[in-house]
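> Quick one, query.txt (compact mmCIF, C-alpha atoms):
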```txt
# COMPACT_ATOMS: atom_id res chain seq x y z
CA MET P 1 30.28 -107.79 5.94
CA ALA P 2 33.09 -106.76 8.29
CA ARG P 3 36.10 -109.10 8.22
CA TRP P 4 35.92 -109.66 11.99
CA LEU P 5 32.39 -111.06 11.67
CA ARG P 6 33.31 -113.74 9.16
CA PRO P 7 34.80 -116.25 11.65
CA LEU P 8 31.52 -116.06 13.60
CA VAL P 9 29.51 -116.62 10.43
CA GLY P 10 31.73 -119.57 9.58
CA ALA P 11 31.10 -121.11 13.01
CA LEU P 12 27.33 -120.73 12.58
CA LEU P 13 27.45 -122.30 9.13
CA LEU P 14 29.41 -125.19 10.55
CA LEU P 15 26.43 -126.09 12.70
CA GLU P 16 24.34 -126.18 9.52
CA GLY P 17 26.76 -128.49 7.72
CA ALA P 18 28.87 -125.82 5.97
CA ALA P 19 32.61 -125.27 6.24
CA ALA P 20 34.15 -123.47 9.23
CA LEU P 21 36.83 -121.66 7.25
CA SER P 22 36.41 -117.92 6.89
CA PHE P 23 35.29 -116.89 3.42
CA LEU P 24 38.52 -115.08 2.64
CA HIS P 25 41.20 -115.35 -0.01
CA HIS P 26 44.16 -117.35 1.32
CA ARG P 27 47.71 -116.44 0.38
CA TYR P 28 50.28 -119.25 0.28
CA GLU P 29 51.18 -119.17 3.99
CA GLU P 30 47.51 -119.00 4.94
CA LEU P 31 46.69 -121.87 2.61
CA VAL P 32 49.36 -124.04 4.23
CA GLN P 33 48.07 -123.15 7.69
CA ALA P 34 44.51 -124.03 6.66
CA LEU P 35 45.58 -127.44 5.37
CA PHE P 36 47.54 -128.29 8.50
CA ARG P 37 44.66 -127.08 10.65
CA VAL P 38 42.35 -129.57 8.95
CA GLN P 39 44.94 -132.30 9.38
CA SER P 40 45.21 -131.55 13.10
CA GLN P 41 41.41 -131.63 13.46
CA CYS P 42 41.09 -135.00 11.67
CA PRO P 43 44.47 -136.69 12.24
CA TYR P 44 43.24 -140.25 11.81
CA VAL P 45 41.69 -139.81 8.36
CA THR P 46 43.99 -137.21 6.77
CA ARG P 47 47.55 -136.86 5.58
CA ILE P 48 49.44 -133.95 4.03
CA TYR P 49 52.18 -134.55 1.49
CA SER P 50 53.99 -132.52 -1.15
CA ILE P 51 54.40 -133.73 -4.72
CA GLY P 52 57.19 -131.22 -5.44
CA ARG P 53 57.91 -127.52 -5.59
CA SER P 54 57.05 -124.63 -7.87
CA VAL P 55 59.58 -122.58 -9.80
CA GLU P 56 59.95 -120.26 -6.79
CA GLY P 57 60.19 -123.13 -4.33
CA ARG P 58 56.66 -123.26 -2.91
CA HIS P 59 55.39 -126.74 -2.01
CA LEU P 60 52.63 -128.28 -4.09
CA TYR P 61 50.70 -129.65 -1.14
CA VAL P 62 48.04 -132.36 -1.26
CA LEU P 63 45.60 -133.18 1.54
CA GLU P 64 44.52 -136.82 1.54
CA PHE P 65 41.35 -138.21 3.12
CA SER P 66 41.16 -141.95 3.81
CA ASP P 67 40.39 -144.32 6.65
CA TYR P 68 43.99 -145.51 6.17
CA PRO P 69 45.91 -142.38 5.12
CA GLY P 70 49.03 -143.06 3.10
CA ILE P 71 47.96 -146.59 2.15
CA HIS P 72 46.29 -147.85 -1.01
CA GLU P 73 43.68 -150.40 -0.04
CA PRO P 74 42.89 -152.97 -2.74
CA LEU P 75 39.58 -152.24 -4.48
CA GLU P 76 39.38 -148.74 -2.98
CA PRO P 77 39.51 -146.17 -5.82
CA GLU P 78 41.77 -143.12 -5.85
CA PHE P 79 40.20 -139.72 -6.60
CA LYS P 80 41.76 -136.26 -7.00
CA TYR P 81 40.82 -132.59 -7.24
CA VAL P 82 43.32 -130.04 -8.57
CA GLY P 83 42.74 -126.30 -8.20
CA ASN P 84 44.38 -123.02 -9.19
CA MET P 85 46.25 -124.41 -12.23
CA HIS P 86 45.96 -120.90 -13.63
CA GLY P 87 47.19 -118.66 -10.84
CA ASN P 88 44.56 -115.97 -11.34
CA GLU P 89 41.63 -118.42 -11.41
CA VAL P 90 41.20 -118.60 -7.68
CA LEU P 91 37.70 -119.82 -6.86
CA GLY P 92 38.70 -123.49 -7.14
CA ARG P 93 41.50 -122.91 -4.66
CA GLU P 94 39.09 -121.51 -2.07
CA LEU P 95 36.42 -124.14 -2.75
CA LEU P 96 38.90 -126.96 -2.17
CA LEU P 97 39.94 -125.45 1.15
CA GLN P 98 36.27 -125.22 2.10
CA LEU P 99 35.70 -128.80 0.93
CA SER P 100 38.62 -130.04 3.03
CA GLU P 101 37.22 -128.40 6.16
CA PHE P 102 33.72 -129.63 5.33
CA LEU P 103 34.80 -133.28 4.91
CA CYS P 104 36.72 -133.17 8.17
CA GLU P 105 33.96 -131.56 10.18
CA GLU P 106 31.18 -133.74 8.78
CA TYR P 107 33.26 -136.85 9.47
CA ARG P 108 33.68 -135.73 13.06
CA ARG P 109 29.94 -135.10 13.28
CA GLY P 110 29.22 -138.64 12.12
CA ASN P 111 27.61 -137.67 8.82
CA GLU P 112 26.84 -141.09 7.32
CA ARG P 113 27.29 -140.02 3.71
CA ILE P 114 30.67 -138.35 4.29
CA THR P 115 31.89 -141.15 6.56
CA ARG P 116 31.08 -143.75 3.92
CA LEU P 117 32.76 -141.64 1.25
CA ILE P 118 36.00 -141.34 3.23
CA HIS P 119 36.00 -145.02 4.20
CA ASP P 120 35.37 -146.21 0.64
CA THR P 121 37.48 -143.71 -1.29
CA ARG P 122 41.02 -142.35 -1.12
CA ILE P 123 40.55 -138.63 -1.83
CA HIS P 124 43.46 -136.36 -2.79
CA ILE P 125 42.92 -132.58 -2.77
CA MET P 126 45.50 -130.16 -4.24
CA PRO P 127 44.19 -126.62 -3.71
CA SER P 128 46.91 -124.95 -5.79
CA MET P 129 48.99 -126.30 -8.67
CA ASN P 130 50.33 -122.81 -9.41
CA PRO P 131 51.09 -121.05 -6.11
CA ASP P 132 53.60 -118.69 -7.74
CA GLY P 133 51.06 -117.39 -10.23
CA TYR P 134 48.51 -116.97 -7.47
CA GLU P 135 50.81 -114.69 -5.50
CA VAL P 136 51.20 -112.45 -8.55
CA ALA P 137 47.43 -112.30 -9.04
CA ALA P 138 46.76 -111.77 -5.33
CA LYS P 139 49.00 -108.71 -5.22
CA GLN P 140 46.63 -107.09 -7.71
CA GLY P 141 43.55 -108.30 -5.87
CA PRO P 142 40.04 -108.79 -7.26
CA ASP P 143 39.57 -105.16 -8.28
CA GLY P 144 42.82 -104.57 -10.17
CA ASN P 145 43.39 -108.07 -11.51
CA GLY P 146 44.02 -108.25 -15.24
CA TYR P 147 42.62 -111.10 -17.28
CA LEU P 148 46.08 -112.67 -17.63
CA THR P 149 47.80 -111.35 -14.49
CA GLY P 150 49.21 -114.37 -12.65
CA ARG P 151 47.74 -116.89 -15.08
CA ASN P 152 51.11 -118.48 -15.91
CA ASN P 153 53.78 -119.86 -13.60
CA ALA P 154 56.89 -117.92 -12.60
CA ASN P 155 58.55 -118.82 -15.91
CA GLY P 156 55.65 -117.31 -17.82
CA VAL P 157 54.33 -120.70 -18.99
CA ASP P 158 50.65 -121.68 -19.17
CA LEU P 159 50.61 -124.97 -17.28
CA ASN P 160 47.50 -126.15 -19.12
CA ARG P 161 49.44 -125.96 -22.40
CA ASN P 162 52.54 -127.66 -21.01
CA PHE P 163 51.83 -131.40 -20.88
CA PRO P 164 53.28 -133.72 -23.53
CA ASP P 165 51.07 -133.74 -26.63
CA LEU P 166 49.74 -137.29 -26.62
CA ASN P 167 46.69 -136.38 -28.70
CA THR P 168 48.71 -136.13 -31.89
CA LEU P 169 50.37 -139.47 -31.14
CA MET P 170 46.96 -140.97 -30.38
CA TYR P 171 45.39 -139.73 -33.62
CA TYR P 172 48.28 -141.18 -35.62
CA SER P 173 48.25 -144.39 -33.59
CA ARG P 174 44.53 -144.79 -34.24
CA GLU P 175 45.15 -144.62 -37.99
CA ILE P 176 47.59 -147.52 -37.78
CA SER P 177 45.60 -149.46 -35.15
CA GLY P 178 48.16 -148.69 -32.45
CA PRO P 179 47.67 -148.56 -28.65
CA ASN P 180 44.61 -146.74 -27.32
CA HIS P 181 45.78 -146.28 -23.74
CA HIS P 182 48.93 -145.46 -21.77
CA ILE P 183 50.52 -143.87 -24.80
CA PRO P 184 54.28 -143.63 -24.12
CA LEU P 185 55.86 -140.25 -23.52
CA PRO P 186 58.35 -138.77 -25.99
CA ASP P 187 62.00 -139.37 -25.09
CA ASN P 188 62.77 -135.71 -24.33
CA TRP P 189 59.56 -134.87 -22.47
CA LYS P 190 61.21 -133.85 -19.18
CA SER P 191 63.13 -131.04 -20.88
CA GLN P 192 59.89 -129.61 -22.27
CA VAL P 193 57.81 -129.28 -19.10
CA GLU P 194 57.81 -126.93 -16.12
CA PRO P 195 58.58 -128.04 -12.53
CA GLU P 196 54.88 -127.95 -11.61
CA THR P 197 53.94 -130.03 -14.66
CA LEU P 198 56.74 -132.51 -13.99
CA ALA P 199 55.58 -132.90 -10.39
CA VAL P 200 52.00 -133.61 -11.48
CA ILE P 201 53.07 -136.14 -14.12
CA GLN P 202 55.17 -138.00 -11.57
CA TRP P 203 52.28 -137.79 -9.10
CA ILE P 204 49.67 -139.27 -11.42
CA SER P 205 52.17 -141.94 -12.45
CA SER P 206 52.59 -142.99 -8.82
CA TYR P 207 48.89 -143.29 -7.91
CA ASN P 208 46.28 -145.29 -9.79
CA PHE P 209 43.78 -142.44 -10.01
CA VAL P 210 40.37 -143.37 -11.37
CA LEU P 211 38.50 -140.04 -11.53
CA SER P 212 39.55 -136.41 -11.32
CA ALA P 213 38.54 -132.81 -11.93
CA ASN P 214 40.64 -129.69 -12.30
CA LEU P 215 39.02 -126.43 -11.26
CA HIS P 216 39.24 -123.27 -13.39
CA GLY P 217 37.43 -119.94 -13.81
CA GLY P 218 36.32 -117.52 -16.50
CA ALA P 219 33.19 -119.45 -17.51
CA VAL P 220 30.59 -121.69 -15.89
CA VAL P 221 30.56 -125.10 -17.57
CA ALA P 222 31.74 -128.69 -17.08
CA ASN P 223 34.17 -129.44 -19.89
CA TYR P 224 35.14 -132.99 -20.90
CA PRO P 225 37.71 -134.55 -23.32
CA TYR P 226 38.96 -134.36 -25.87
CA ASP P 227 40.20 -130.81 -25.57
CA LYS P 228 42.24 -131.06 -28.75
CA SER P 229 40.61 -131.55 -32.13
CA GLN P 230 42.22 -133.88 -34.62
CA ASP P 231 41.81 -131.11 -37.19
CA GLN P 232 44.01 -128.85 -35.09
CA ARG P 233 47.05 -130.42 -36.70
CA PHE P 234 46.07 -128.72 -39.92
CA ARG P 235 43.97 -125.70 -39.00
CA SER P 236 43.75 -122.82 -36.57
CA HIS P 237 43.70 -123.74 -32.88
CA ARG P 238 40.44 -121.82 -32.50
CA ARG P 239 38.56 -124.16 -34.85
CA THR P 240 35.67 -125.80 -33.01
CA VAL P 241 35.08 -129.43 -33.92
CA ASN P 242 33.36 -131.87 -31.56
CA THR P 243 36.03 -134.47 -30.77
CA PRO P 244 34.64 -137.24 -28.58
CA THR P 245 36.61 -139.91 -26.76
CA PRO P 246 35.60 -143.58 -26.94
CA ASP P 247 34.02 -142.92 -23.51
CA ASP P 248 32.03 -139.89 -24.69
CA LYS P 249 28.68 -140.91 -23.17
CA LEU P 250 30.33 -141.66 -19.85
CA PHE P 251 32.11 -138.30 -19.86
CA GLN P 252 28.86 -136.52 -20.61
CA LYS P 253 27.26 -138.26 -17.64
CA LEU P 254 30.15 -137.28 -15.37
CA ALA P 255 29.94 -133.67 -16.50
CA LYS P 256 26.17 -133.58 -16.00
CA THR P 257 26.56 -134.98 -12.50
CA TYR P 258 28.45 -131.83 -11.58
CA SER P 259 26.41 -129.36 -13.61
CA TYR P 260 23.03 -130.54 -12.28
CA ALA P 261 24.25 -130.69 -8.69
CA HIS P 262 25.50 -127.12 -9.08
CA SER P 263 23.01 -124.37 -8.29
CA TRP P 264 22.97 -122.80 -11.76
CA MET P 265 25.58 -124.39 -14.07
CA HIS P 266 23.00 -126.73 -15.64
CA ARG P 267 20.83 -123.81 -16.79
CA GLY P 268 23.24 -123.24 -19.65
CA TRP P 269 23.22 -119.44 -19.88
CA ASN P 270 26.24 -118.13 -17.99
CA CYS P 271 28.85 -115.43 -18.60
CA GLY P 272 27.27 -114.55 -21.96
CA ASP P 273 27.67 -118.10 -23.27
CA TYR P 274 25.20 -120.94 -23.64
CA PHE P 275 26.09 -124.60 -23.07
CA ALA P 276 23.26 -127.13 -23.16
CA ASP P 277 22.96 -128.83 -19.76
CA GLY P 278 25.95 -126.76 -18.64
CA ILE P 279 28.46 -129.11 -20.26
CA THR P 280 30.65 -129.09 -23.37
CA ASN P 281 33.15 -131.19 -25.26
CA GLY P 282 36.42 -129.29 -24.95
CA ALA P 283 37.33 -129.21 -28.65
CA SER P 284 33.74 -128.28 -29.52
CA TRP P 285 34.23 -125.14 -27.41
CA TYR P 286 37.75 -124.41 -28.68
CA SER P 287 40.67 -126.70 -29.41
CA LEU P 288 43.41 -126.78 -26.80
CA SER P 289 46.75 -128.55 -27.16
CA LYS P 290 48.85 -130.11 -24.38
CA GLY P 291 46.10 -129.85 -21.77
CA MET P 292 45.97 -131.77 -18.50
CA GLN P 293 42.62 -133.52 -18.86
CA ASP P 294 43.48 -135.14 -22.20
CA PHE P 295 46.87 -136.16 -20.80
CA ASN P 296 45.21 -137.93 -17.86
CA TYR P 297 42.98 -139.94 -20.17
CA LEU P 298 45.69 -140.89 -22.67
CA TYR P 299 48.56 -141.60 -20.27
CA THR P 300 46.90 -143.01 -17.14
CA ASN P 301 43.74 -144.81 -16.02
CA CYS P 302 42.25 -141.51 -14.85
CA PHE P 303 39.11 -139.93 -16.31
CA GLU P 304 39.39 -136.17 -15.78
CA ILE P 305 37.09 -133.27 -16.58
CA THR P 306 37.67 -129.52 -16.31
CA LEU P 307 35.27 -127.44 -14.22
CA GLU P 308 34.90 -123.77 -15.12
CA LEU P 309 33.27 -122.35 -12.00
CA SER P 310 32.87 -118.57 -12.20
CA CYS P 311 32.58 -115.76 -14.71
CA ASN P 312 34.94 -113.72 -12.56
CA LYS P 313 38.37 -115.34 -12.38
CA PHE P 314 39.16 -113.61 -9.06
CA PRO P 315 35.77 -113.12 -7.35
CA PRO P 316 35.55 -110.73 -4.39
CA GLU P 317 35.48 -112.20 -0.90
CA GLU P 318 31.83 -111.29 -0.41
CA ASP P 319 30.94 -113.72 -3.23
CA LEU P 320 32.87 -116.72 -1.84
CA GLU P 321 30.14 -117.91 0.53
CA ARG P 322 27.52 -117.91 -2.24
CA GLN P 323 29.89 -119.79 -4.53
CA TRP P 324 30.62 -122.39 -1.86
CA MET P 325 26.95 -123.07 -1.29
CA ALA P 326 26.43 -123.37 -5.06
CA ASN P 327 29.27 -125.90 -5.46
CA ARG P 328 29.22 -127.86 -2.19
CA GLU P 329 26.81 -130.61 -3.25
CA ALA P 330 28.37 -130.85 -6.71
CA LEU P 331 31.87 -131.34 -5.28
CA VAL P 332 30.69 -134.22 -3.10
CA ALA P 333 28.44 -135.78 -5.76
CA PHE P 334 31.27 -135.82 -8.27
CA ILE P 335 33.55 -137.72 -5.89
CA GLU P 336 30.82 -140.33 -5.50
CA GLU P 337 30.91 -140.94 -9.27
CA VAL P 338 34.16 -142.86 -8.79
CA HIS P 339 31.99 -145.71 -7.49
CA GLN P 340 30.41 -146.94 -10.72
CA GLY P 341 31.20 -149.44 -13.46
CA ILE P 342 33.23 -152.52 -12.60
CA LYS P 343 36.20 -153.25 -10.40
CA GLY P 344 38.04 -156.33 -9.26
CA MET P 345 41.32 -158.20 -8.90
CA VAL P 346 43.45 -159.67 -11.65
CA SER P 347 45.50 -162.52 -10.22
CA ASP P 348 47.38 -165.65 -11.21
CA GLU P 349 46.50 -169.21 -10.25
CA ASN P 350 48.22 -168.70 -6.88
CA ASN P 351 46.13 -165.60 -6.14
CA ASN P 352 49.06 -163.26 -6.63
CA GLY P 353 47.99 -159.91 -8.06
CA ILE P 354 49.07 -159.15 -11.62
CA ALA P 355 50.09 -155.53 -12.15
CA GLY P 356 49.68 -153.91 -15.55
CA ALA P 357 47.03 -156.35 -16.81
CA VAL P 358 44.98 -154.80 -19.61
CA ILE P 359 41.21 -154.54 -19.14
CA SER P 360 39.38 -154.23 -22.47
CA VAL P 361 35.67 -153.58 -22.92
CA GLN P 362 34.18 -154.74 -26.21
CA GLY P 363 32.90 -151.81 -28.22
CA ILE P 364 34.93 -149.16 -26.34
CA SER P 365 38.38 -148.66 -27.86
CA HIS P 366 40.07 -147.41 -24.71
CA ASP P 367 41.62 -149.83 -22.23
CA ILE P 368 42.75 -149.41 -18.65
CA THR P 369 45.29 -151.41 -16.64
CA SER P 370 45.46 -152.99 -13.20
CA GLY P 371 47.43 -151.33 -10.43
CA ASP P 372 50.47 -152.55 -8.51
CA MET P 373 48.35 -154.87 -6.36
CA GLY P 374 46.43 -156.26 -9.31
CA ASP P 375 43.23 -154.33 -8.63
CA TYR P 376 41.52 -152.42 -11.43
CA PHE P 377 38.68 -149.91 -11.77
CA ARG P 378 36.79 -149.38 -15.02
CA LEU P 379 34.17 -146.61 -15.04
CA LEU P 380 31.15 -147.62 -17.13
CA LEU P 381 27.55 -146.61 -17.61
CA PRO P 382 24.81 -149.09 -16.65
CA GLY P 383 24.53 -151.89 -19.20
CA THR P 384 25.84 -155.32 -20.15
CA TYR P 385 29.46 -155.59 -21.25
CA THR P 386 31.93 -158.15 -22.54
CA VAL P 387 35.19 -157.60 -20.71
CA THR P 388 38.60 -159.19 -21.30
CA ALA P 389 41.62 -159.23 -19.01
CA SER P 390 44.99 -160.00 -20.55
CA ALA P 391 48.61 -159.92 -19.40
CA GLU P 392 51.92 -160.95 -20.89
CA GLY P 393 52.63 -164.62 -20.21
CA TYR P 394 48.99 -165.44 -19.38
CA GLN P 395 45.99 -166.69 -21.29
CA PRO P 396 43.38 -163.91 -21.71
CA LEU P 397 40.05 -164.35 -19.99
CA THR P 398 36.72 -162.92 -21.20
CA VAL P 399 33.53 -162.56 -19.18
CA THR P 400 30.13 -160.91 -19.62
CA THR P 401 28.86 -158.73 -16.81
CA THR P 402 26.00 -156.36 -16.10
CA VAL P 403 26.57 -152.93 -14.55
CA GLY P 404 23.81 -151.40 -12.45
CA PRO P 405 23.11 -147.75 -11.63
CA ALA P 406 24.36 -147.93 -8.05
CA ALA P 407 27.49 -149.63 -6.72
CA PRO P 408 30.15 -151.02 -9.10
CA SER P 409 29.95 -154.65 -10.13
CA LEU P 410 32.71 -156.84 -8.71
CA VAL P 411 34.42 -158.83 -11.49
CA HIS P 412 37.59 -160.77 -10.68
CA PHE P 413 39.92 -162.38 -13.21
CA GLN P 414 42.19 -165.34 -12.43
CA LEU P 415 44.51 -165.83 -15.38
CA LYS P 416 46.26 -169.07 -16.28
CA GLN P 417 49.83 -169.06 -17.48
CA GLU P 418 50.39 -169.72 -21.14
CA VAL P 419 51.75 -173.14 -22.05
CA VAL P 420 55.43 -172.77 -22.90
CA ARG P 421 56.46 -174.85 -25.89
CA LYS P 422 60.01 -175.84 -26.83
CA PRO P 423 60.30 -175.31 -30.58
CA VAL P 424 64.11 -175.27 -30.44
CA GLU P 425 64.35 -178.98 -29.55
CA ARG P 426 61.91 -179.99 -32.29
CA LYS P 427 63.82 -177.92 -34.81
CA ALA P 428 67.07 -179.60 -33.80
CA SER P 429 65.62 -183.10 -34.12
CA GLY P 430 64.13 -182.16 -37.47
CA THR P 431 67.53 -180.99 -38.70
CA ARG P 432 69.12 -184.29 -37.67
CA MET P 433 66.37 -186.12 -39.53
CA ASN P 434 66.96 -184.09 -42.69
CA LYS P 435 70.69 -184.82 -42.55
CA ALA P 436 69.98 -188.52 -42.17
CA LEU P 437 67.69 -188.45 -45.20
CA GLN P 438 70.35 -186.63 -47.21
CA LYS P 439 72.93 -189.29 -46.39
CA LYS P 440 70.49 -191.99 -47.43
CA VAL P 441 69.35 -190.65 -50.80
CA VAL P 442 72.20 -188.46 -52.09
CA PRO P 443 74.82 -190.42 -54.19
CA ARG P 444 78.43 -190.33 -53.00
CA ALA P 445 79.64 -188.56 -56.16
CA THR P 446 77.10 -185.77 -55.70
CA ARG P 447 78.12 -185.32 -52.09
CA ARG P 448 81.71 -184.97 -53.14
CA GLY P 449 80.69 -182.43 -55.78
CA THR P 450 78.92 -180.24 -53.22
CA GLN P 451 81.99 -180.21 -51.03
CA ARG P 452 84.27 -178.98 -53.81
```
Now that the file is in, can you turn its structure into structure tokens?


Amino acid sequence: MARWLRPLVGALLLLEGAAALSFLHHRYEELVQALFRVQSQCPYVTRIYSIGRSVEGRHLYVLEFSDYPGIHEPLEPEFKYVGNMHGNEVLGRELLLQLSEFLCEEYRRGNERITRLIHDTRIHIMPSMNPDGYEVAAKQGPDGNGYLTGRNNANGVDLNRNFPDLNTLMYYSREISGPNHHIPLPDNWKSQVEPETLAVIQWISSYNFVLSANLHGGAVVANYPYDKSQDQRFRSHRRTVNTPTPDDKLFQKLAKTYSYAHSWMHRGWNCGDYFADGITNGASWYSLSKGMQDFNYLYTNCFEITLELSCNKFPPEEDLERQWMANREALVAFIEEVHQGIKGMVSDENNNGIAGAVISVQGISHDITSGDMGDYFRLLLPGTYTVTASAEGYQPLTVTTTVGPAAPSLVHFQLKQEVVRKPVERKASGTRMNKALQKKVVPRATRRGTQR
């Protein structure tokens, strides 16, 4: 199709509920223009912000959708999509631009489903985490692009092997019954990560993300944690050993939500590989250390999966429209998965929110914590659960709740302060009593002898 016809095709597809962007590859400047164009079209429900810069100084832009952009509303979950982590895996980048335009246009059209999604969810979309690598890959283009050309950032580092290795700490911690969530970072972690990785870590530390996906290419499968096998500490990194998280069934459900909403991912046979239901445990495929999805799960409240979306890492422009139509429903359906499980407020007896309260679910050895306002979000499958909220200085509170298949159950916790005792005063009075008894029963001669 001639390039000059594509804007017309985009306009026609818009009337059918598809995105208005041209199905073209967008270089950095064009990507920025596309994001700001969406923001100008939907100024009341969007915001653009940068989380930092790449090695070569390009902004890592995020487009936010919300009925109150820039504001976290209590009990409204935060969701994120991250694309183009590997610079030469470009389909995710283009799909997220298309998704941004689609959400804006459908909101303007009054689409009830999209309107509800934007009003009930704070959605963050980062089309490119590795803009420097993309520019290297784009210079080669789809025809001359090597398998690794532009994959890494400008320092030659694979960003999906650059996060602090919390898996090893977690495996050791599990052996000694240590913490199962928010594992602390090593002291020297900042010196070991790239600018793009540092920016993302600071980003996900600043927002209480609940659900996420990062978009890759080179296969067609929805991949879920853990990516790193416990056996990797002792054996080759290519060893395949299924390594489930405590939330394995939930992760499988999240992955299937995408794969079955996708036009062909769920069929299993793609790119010469077979994955049942179009999903796989990451370590069962191959073990990967210092990856982003495991880091999200072990360091934050966020449940992240990795979406491999195309056999061709840099598909030609004539394939972009077909890929968008194959992924459009899946991209929206996956965002909607953030609205399941339980959520609520953790507060004190004066209804002040308690930040950092720990939410534990009996039988699942992975906790989450409440956000700055005291609200929490715990993704769960339908069922009945025993849930405990605890915070330092407060008495823990345990409740039993049932989760349905639709909207999340609302479960609030109001914690009472612990009773503060004064053992120091009792100890002092006890000491005085002991001295009095000594004076009464110990003979004078003995007392003199002890003083000698």

> I'd like the neighbourhood of P:Val157 as a list in words, where a residue qualifies if any of its atoms comes within 10 Å (using all atoms listed in the file), though same-chain residues fewer than 4 positions away should be ignored.

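Result of the neighbour search: His86, Gly133, Arg151, Asn152, Asn153, Arg161, Asn162, Val193 and Glu194 of chain P.
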
> Convert the current residue selection to file output with C-alpha atoms, as a tab-separated table (two decimals), keeping the file's coordinate frame.


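Printed below is part_27.tsv as written:
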```tsv
chain	number	residue	atom	x	y	z
P	86	HIS	CA	45.96	-120.90	-13.63
P	133	GLY	CA	51.06	-117.39	-10.23
P	151	ARG	CA	47.74	-116.89	-15.08
P	152	ASN	CA	51.11	-118.48	-15.91
P	153	ASN	CA	53.78	-119.86	-13.60
P	161	ARG	CA	49.44	-125.96	-22.40
P	162	ASN	CA	52.54	-127.66	-21.01
P	193	VAL	CA	57.81	-129.28	-19.10
P	194	GLU	CA	57.81	-126.93	-16.12
```

> Give me, please, the distance in Å between atom CA of P:Asp348 and atom CA of P:Arg421, quoted to one decimal.

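Spanning atom CA of P:Asp348 to atom CA of P:Arg421 is a straight-line distance of 19.6 Å.
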
> Quote the spacing between atom CA of P:Gln395 and atom CA of P:Lys416 in Å to one decimal place.

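So the two atoms, atom CA of P:Gln395 and atom CA of P:Lys416, lie 5.6 Å apart.
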
> In Å, how far is it from atom CA of P:Lys290 to atom CA of P:Ala199?

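Atom CA of P:Ala199 lies 15.8 Å from atom CA of P:Lys290.
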
> Between P:Glu112, P:Glu64, P:Glu30, P:Glu105, which has the minimum distance to P:Glu135 (counting only C-alpha atoms)?

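Nearest candidate to P:Glu135 out of P:Glu112, P:Glu64, P:Glu30, P:Glu105: P:Glu30.
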
> Contacts of stretch 69-71 of chain P at 8 Å or less, counting only C-alpha atoms, minus same-chain residues fewer than 2 places along, as a CSV table (one decimal) with C-alpha atoms, in the frame of the given file?


```csv
chain,number,residue,atom,x,y,z
P,44,TYR,CA,43.2,-140.2,11.8
P,45,VAL,CA,41.7,-139.8,8.4
P,46,THR,CA,44.0,-137.2,6.8
P,47,ARG,CA,47.6,-136.9,5.6
P,64,GLU,CA,44.5,-136.8,1.5
P,65,PHE,CA,41.4,-138.2,3.1
P,66,SER,CA,41.2,-142.0,3.8
P,67,ASP,CA,40.4,-144.3,6.6
P,73,GLU,CA,43.7,-150.4,0.0
P,122,ARG,CA,41.0,-142.4,-1.1
```

> Determine, using only C-alpha atoms, which residues of stretch 50-154 of chain P have any atom at most 12 Å from an atom of stretch 336-341 of chain P, and tabulate each with its shortest atom pair and distance in Å to one decimal place, rows ordered by chain and then rising number, as a tab-separated table.


```
residue	atom	partner	partner_atom	distance
P:Leu75	CA	P:His339	CA	10.5
P:Glu76	CA	P:His339	CA	9.2
P:Pro77	CA	P:Val338	CA	7.0
P:Glu78	CA	P:Val338	CA	8.2
P:Phe79	CA	P:Val338	CA	7.2
P:Lys80	CA	P:Val338	CA	10.2
P:Arg113	CA	P:Glu336	CA	9.9
P:Ile114	CA	P:Glu336	CA	10.0
P:Arg116	CA	P:Glu336	CA	10.0
P:Leu117	CA	P:Glu336	CA	7.1
P:Ile118	CA	P:Glu336	CA	10.2
P:His119	CA	P:Glu336	CA	12.0
P:Asp120	CA	P:His339	CA	8.8
P:Thr121	CA	P:Val338	CA	8.2
P:Arg122	CA	P:Val338	CA	10.3
P:Ile123	CA	P:Val338	CA	10.4
```

> List every protein, DNA or RNA residue with an atom no more than 8 Å from (41.3, -156.3, -16.3) in the file's coordinates, counting all atoms listed in the file, and format the result as number ranges by chain.

P: 344-346, 357-360, 368-370, 376, 387-390, 413

> Excluding same-chain residues fewer than 4 positions from P:Pro225, what lies within 9 Å of it counting all atoms listed in the file, as number ranges by chain?

P: 243-245, 248, 251, 280-283, 293-294, 297, 303-306

> Would you write out, as CSV, a table of all residues in stretch 93-147 of chain P that have an atom no more than 9 Å from an atom of stretch 326-332 of chain P, listing for each the closest atom pair and the distance in Å to one decimal, considering only C-alpha atoms and ordering rows by chain and rising residue number?


```
residue,atom,partner,partner_atom,distance
P:Leu95,CA,P:Asn327,CA,7.8
P:Leu96,CA,P:Leu331,CA,8.8
P:Gln98,CA,P:Arg328,CA,8.7
P:Leu99,CA,P:Arg328,CA,7.3
P:Phe102,CA,P:Arg328,CA,8.9
P:Ile114,CA,P:Val332,CA,8.5
P:Leu117,CA,P:Val332,CA,8.8
```

> Please identify every residue of stretch 324-410 of chain P that has at least one atom no farther than 9 Å from an atom of stretch 209-223 of chain P, counting only C-alpha atoms, and for each give the shortest atom pair and the distance in Å to one decimal, arranged by chain then increasing number, as a tab-separated table.


```
residue	atom	partner	partner_atom	distance
P:Phe334	CA	P:Ala213	CA	8.7
P:Ile335	CA	P:Leu211	CA	7.9
P:Glu337	CA	P:Leu211	CA	8.0
P:Val338	CA	P:Leu211	CA	5.9
P:Phe377	CA	P:Val210	CA	6.8
P:Arg378	CA	P:Val210	CA	7.9
P:Leu379	CA	P:Val210	CA	7.9
```

> Copy stretch 277-281 of chain P out of the block into a file, keeping C-alpha atoms, as a compact mmCIF listing (two decimals), in the first residue's frame.


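File produced: selection_1.txt:
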```txt
# COMPACT_ATOMS: atom_id res chain seq x y z
CA ASP P 277 -2.45 -22.13 25.71
CA GLY P 278 0.15 -19.67 24.40
CA ILE P 279 1.68 -19.15 27.84
CA THR P 280 4.84 -20.24 29.66
CA ASN P 281 6.61 -19.96 32.97
```
